[in-house]
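Coordinates from final_36.tsv are shown below (TSV, C-alpha atoms and all ligand atoms).
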chain	number	residue	atom	x	y	z
A	1418	MET	CA	-175.90	-24.55	10.37
A	1419	LYS	CA	-174.75	-21.02	9.60
A	1420	VAL	CA	-171.34	-19.91	10.80
A	1421	GLU	CA	-170.50	-16.44	11.98
A	1422	ILE	CA	-166.90	-15.71	12.82
A	1423	LYS	CA	-166.00	-13.03	15.31
A	1424	ARG	CA	-162.34	-12.17	15.48
A	1425	SER	CA	-161.04	-10.40	18.52
A	1426	LYS	CA	-157.78	-8.60	19.21
A	1427	ARG	CA	-158.10	-9.28	22.87
A	1428	ARG	CA	-158.29	-13.00	22.33
A	1429	LYS	CA	-154.83	-14.56	22.57
A	1430	LYS	CA	-155.05	-18.22	21.72
A	1431	THR	CA	-158.29	-19.99	22.30
A	1432	ILE	CA	-161.00	-20.42	19.75
A	1433	SER	CA	-164.47	-21.09	21.09
A	1434	ALA	CA	-167.91	-21.55	19.66
A	1435	ARG	CA	-171.49	-21.50	20.76
A	1436	LEU	CA	-174.63	-22.53	19.04
A	1437	ASP	CA	-177.59	-20.22	19.04
A	1438	GLY	CA	-180.49	-21.75	17.20
A	1439	ASP	CA	-179.08	-22.56	13.80
A	1440	ILE	CA	-176.17	-20.15	13.95
A	1441	MET	CA	-172.79	-21.13	15.23
A	1442	TYR	CA	-170.79	-18.20	16.55
A	1443	VAL	CA	-167.06	-18.74	16.46
A	1444	TYR	CA	-164.74	-16.53	18.48
A	1445	ALA	CA	-161.14	-16.48	17.35
A	1446	PRO	CA	-158.01	-14.38	17.77
A	1447	VAL	CA	-157.40	-11.89	14.96
A	1448	ASP	CA	-154.31	-13.64	13.71
A	1449	THR	CA	-155.64	-17.21	13.44
A	1450	PRO	CA	-154.74	-18.50	9.98
A	1451	GLU	CA	-157.76	-19.10	7.74
A	1452	LYS	CA	-156.86	-22.73	7.17
A	1453	GLU	CA	-156.54	-23.55	10.84
A	1454	LEU	CA	-159.76	-21.75	11.64
A	1455	HIS	CA	-161.57	-23.70	8.94
A	1456	LYS	CA	-160.39	-27.00	10.39
A	1457	ILE	CA	-161.47	-26.04	13.89
A	1458	ILE	CA	-164.87	-24.87	12.66
A	1459	LYS	CA	-165.41	-28.24	10.96
A	1460	ASN	CA	-164.73	-29.94	14.28
A	1461	PHE	CA	-167.12	-27.67	16.13
A	1462	GLU	CA	-169.78	-28.39	13.52
A	1463	LYS	CA	-169.35	-32.12	13.98
A	1464	ARG	CA	-169.50	-31.81	17.74
A	1465	PHE	CA	-172.64	-29.69	17.68
A	1466	ALA	CA	-174.27	-32.02	15.16
A	1467	ARG	CA	-173.56	-35.01	17.42
A	1468	ARG	CA	-174.98	-33.16	20.39
A	1469	ASN	CA	-178.12	-32.26	18.46
A	1470	LEU	CA	-178.58	-35.80	17.24
A	1471	LYS	CA	-178.22	-37.13	20.76
A	1472	ARG	CA	-180.81	-34.69	22.04
A	1473	GLU	CA	-183.24	-35.52	19.24
A	1474	LEU	CA	-182.88	-39.28	19.63
A	1475	ASN	CA	-183.50	-39.17	23.34
A	1476	LYS	CA	-186.48	-36.91	22.89
A	1477	GLU	CA	-187.94	-39.06	20.16
A	1478	HIS	CA	-187.37	-42.49	21.74
A	1479	ASN	CA	-188.44	-43.15	25.26
A	1480	LEU	CA	-185.80	-45.70	26.20
A	1481	ARG	CA	-186.86	-45.66	29.84
A	1482	GLU	CA	-190.26	-46.95	28.81
A	1483	VAL	CA	-188.69	-49.72	26.73
A	1484	PHE	CA	-186.42	-50.57	29.63
A	1485	ASN	CA	-189.37	-50.81	32.04
A	1486	LYS	CA	-191.23	-53.15	29.72
A	1487	LEU	CA	-188.22	-55.43	29.24
A	1488	ASN	CA	-187.42	-55.32	32.93
A	1489	LYS	CA	-190.89	-56.52	33.80
A	1490	LYS	CA	-190.96	-59.21	31.15
A	1491	TYR	CA	-187.47	-60.69	31.46
A	1492	PHE	CA	-186.11	-59.72	34.85
A	1493	ASP	CA	-189.18	-59.66	37.13
A	1494	GLY	CA	-188.68	-55.91	37.40
A	1495	LYS	CA	-185.56	-56.47	39.49
A	1496	ILE	CA	-183.10	-54.32	37.60
A	1497	LYS	CA	-182.57	-50.80	38.84
A	1498	ILE	CA	-180.67	-48.30	36.76
A	1499	LYS	CA	-179.98	-44.60	37.01
A	1500	SER	CA	-180.19	-43.85	33.34
A	1501	ILE	CA	-180.53	-45.28	29.87
A	1502	GLU	CA	-179.81	-43.11	26.87
A	1503	TYR	CA	-178.64	-42.89	23.32
A	1504	VAL	CA	-175.16	-41.51	22.85
A	1505	THR	CA	-173.46	-40.31	19.71
A	1506	VAL	CA	-169.84	-40.70	20.72
A	1507	GLN	CA	-169.44	-44.48	20.77
A	1508	GLN	CA	-167.89	-45.47	17.49
A	1509	SER	CA	-167.28	-49.14	18.08
A	1510	LYS	CA	-169.85	-50.24	20.62
A	1511	TYR	CA	-173.53	-50.80	20.10
A	1512	GLY	CA	-174.20	-50.68	23.76
A	1513	CYS	CA	-172.41	-50.50	27.03
A	1514	CYS	CA	-173.23	-50.39	30.64
A	1515	ASN	CA	-171.50	-49.17	33.72
A	1516	TYR	CA	-172.70	-51.61	36.28
A	1517	LYS	CA	-171.31	-49.65	39.19
A	1518	LYS	CA	-172.99	-46.42	38.16
A	1519	LYS	CA	-176.00	-48.35	36.84
A	1520	THR	CA	-176.12	-46.61	33.54
A	1521	ILE	CA	-176.81	-48.01	30.09
A	1522	ARG	CA	-175.79	-46.27	26.92
A	1523	LEU	CA	-176.80	-47.21	23.40
A	1524	SER	CA	-175.10	-46.13	20.24
A	1525	HIS	CA	-177.14	-43.97	17.91
A	1526	TYR	CA	-176.62	-46.71	15.28
A	1527	ILE	CA	-179.09	-48.80	17.25
A	1528	ALA	CA	-181.82	-46.25	16.70
A	1529	GLN	CA	-181.79	-47.16	13.01
A	1530	MET	CA	-182.14	-50.89	13.61
A	1531	PRO	CA	-185.32	-52.90	14.09
A	1532	ASP	CA	-186.87	-52.68	17.54
A	1533	TRP	CA	-186.23	-56.37	18.28
A	1534	VAL	CA	-182.49	-55.85	17.73
A	1535	ARG	CA	-182.55	-52.75	19.92
A	1536	ASP	CA	-184.34	-54.80	22.59
A	1537	TYR	CA	-181.64	-57.46	22.43
A	1538	VAL	CA	-178.90	-54.88	23.00
A	1539	ILE	CA	-180.80	-53.43	25.94
A	1540	ILE	CA	-181.41	-56.88	27.44
A	1541	HIS	CA	-177.72	-57.71	26.95
A	1542	GLU	CA	-176.74	-54.60	28.89
A	1543	MET	CA	-179.41	-55.17	31.51
A	1544	ALA	CA	-178.07	-58.65	32.14
A	1545	HIS	CA	-174.64	-57.10	32.65
A	1546	ILE	CA	-176.06	-55.00	35.47
A	1547	LEU	CA	-176.49	-58.35	37.27
A	1548	GLN	CA	-173.61	-60.25	35.67
A	1549	PRO	CA	-170.68	-58.12	34.56
A	1550	ASN	CA	-169.13	-60.98	32.56
A	1551	HIS	CA	-170.16	-63.31	29.75
A	1552	SER	CA	-170.65	-66.33	31.98
A	1553	LYS	CA	-173.20	-69.07	31.40
A	1554	ALA	CA	-175.46	-67.42	33.96
A	1555	PHE	CA	-175.26	-64.26	31.89
A	1556	TRP	CA	-176.25	-65.95	28.63
A	1557	ASP	CA	-179.02	-67.88	30.38
A	1558	MET	CA	-180.58	-64.57	31.25
A	1559	VAL	CA	-180.09	-63.08	27.81
A	1560	TYR	CA	-181.57	-66.13	26.07
A	1561	ARG	CA	-184.84	-65.74	27.88
A	1562	TYR	CA	-185.34	-63.28	25.07
A	1563	LYS	CA	-186.44	-65.51	22.21
A	1564	LEU	CA	-184.97	-63.34	19.48
A	1565	ALA	CA	-181.55	-63.08	21.12
A	1566	GLU	CA	-179.88	-65.53	18.72
A	1567	ARG	CA	-181.39	-63.90	15.69
A	1568	ALA	CA	-180.41	-60.45	16.91
A	1569	ARG	CA	-176.84	-61.60	17.50
A	1570	GLY	CA	-176.82	-62.91	13.94
A	1571	PHE	CA	-178.16	-59.61	12.72
A	1572	LEU	CA	-175.38	-57.74	14.48
A	1573	ILE	CA	-172.71	-60.17	13.33
A	1574	ALA	CA	-173.94	-59.62	9.82
A	1575	LYS	CA	-173.20	-55.98	10.38
A	1576	LYS	CA	-169.71	-57.08	11.38
A	1577	MET	CA	-169.75	-55.13	14.53
A	1578	GLU	CA	-170.80	-57.61	17.16
A	1579	ASP	CA	-167.18	-58.12	18.17
A	1580	ASN	CA	-166.86	-54.50	19.09
A	1581	GLN	CA	-170.22	-54.33	20.66
A	1582	GLU	CA	-169.19	-55.93	23.92
A	1583	LEU	CA	-169.03	-53.59	26.81
A	1584	ASP	CA	-166.09	-52.65	28.96
A	1585	ILE	CA	-166.30	-53.63	32.57
A	1586	GLU	CA	-164.68	-51.39	35.11
B	1601	ZN	ZN	-171.61	-58.23	26.90

For this file, write the structure as structure tokens.
Ligand SMILES: [Zn+2]
Amino acid sequence: MKVEIKRSKRRKKTISARLDGDIMYVYAPVDTPEKELHKIIKNFEKRFARRNLKRELNKEHNLREVFNKLNKKYFDGKIKIKSIEYVTVQQSKYGCCNYKKKTIRLSHYIAQMPDWVRDYVIIHEMAHILQPNHSKAFWDMVYRYKLAERARGFLIAKKMEDNQELDIE
């Protein structure tokens, strides 16, 4: 990512940026200190990189197709959702669902894991669409997936399973 800084006298306070292809244009007031500008540019770069990664992951992986397959196999096709997508902002959760809005979000970390682990996380979130808690009924649904236990072990081994649980609104 190339950075082009445009300083403007008319600009009073705000610094903004836009990405055009591979060039990031940064608009800043004339008197912004170099050091501060540098810090802000780093943040913009991170944000744009996350946005690009999100776009690429969702283009590359058809999560809706995976969802449809799992829905048919484990839930008799009964689960309806509005969207399922990879996100790049979740730092501590592998997956989460908003069961009111019927959306499922997966962390980009999941994209690097084996498919059977990804499937477990999706099934876990799908089950939450029906059961927003971790009740026995919930786990009964999840354990219809034969690799559920192994996938949980896999995630525990990554020491993140504890943070993986979703928030319920
Ligand atoms: Zn859960």

Exercise for review: Just give me the residues with any atom within 9 Å of (-173.1, -48.8, 40.7), file coordinates, counting all atoms listed in the file, written as a list of chain:residue names.
Suggested key: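 Residues lying no farther than 9 Å from the given point: A:Ile1498, A:Lys1499, A:Asn1515, A:Tyr1516, A:Lys1517, A:Lys1518, A:Lys1519, A:Thr1520, A:Ile1546.
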
Exercise for review: Record the distance separating atom CA of A:Val1504 and atom CA of A:Ala1466, expressed in Å with one decimal.
Suggested key: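 Computing the Euclidean distance for atom CA of A:Val1504 and atom CA of A:Ala1466 yields 12.2 Å.
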
Exercise for review: Considering only C-alpha atoms, return as number ranges by chain whatever protein or nucleic-acid residues lie within 12 Å of A:Ser1433, sequence-local ones (same chain, fewer than 5 positions apart) excluded.
Suggested key: A: 1421-1425, 1428, 1441-1446, 1454, 1457-1458, 1460-1462

Exercise for review: For stretch 1522-1537 of chain A, work out the shell of residues within 7 Å, counting all atoms listed in the file and skipping chain neighbours fewer than 3 positions away, then give it as a ChimeraX atom specification.
Suggested key: /A:1501-1505,1507,1510-1514,1540-1541,1565,1568

Practice item. Figure out the distance between atom CA of A:Ile1521 and atom CA of A:Leu1474, please, to one decimal in Å. Key: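 These two atoms are separated by 14.9 Å.
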
Please write out, as AutoDock Vina command-line options, where the centre of an axis-aligned box around all listed atoms of stretch 1534-1545 of chain A lies and how long its edges are, in Å to one decimal, after adding 3 Å on each side.
--center_x -179.5 --center_y -55.7 --center_z 25.2 --size_x 15.7 --size_y 11.9 --size_z 20.9

**Study point:** Proximity to ligand ZN 1601 (chain B) - best of A:Phe1555, A:Phe1465, A:Tyr1491, A:Tyr1562, only C-alpha atoms and all ligand atoms
**Key:** A:Phe1555

Point to revise | atom CA of A:Leu1436 to atom CA of A:His1478, distance in Å rounded to a single decimal | key: 23.8 Å

Exercise for review: Could you check which of A:Arg1481, A:Lys1495, A:Lys1452, A:Lys1459 is closest to A:Ala1434, using only C-alpha atoms?
Suggested key: A:Lys1459

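Checking A:His1545, A:Lys1419, A:Arg1561, A:Lys1476 one by one against A:Asp1439, counting all atoms listed in the file, you find the shortest gap at A:Lys1419.
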
Check your understanding: For ligand ZN 1601 (chain B), which of A:Glu1566, A:Asp1437, A:Glu1542, A:Asp1557 is the closest residue, counting all atoms listed in the file?
Key ->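 Smallest separation from ligand ZN 1601 (chain B) among the options: A:Glu1542.
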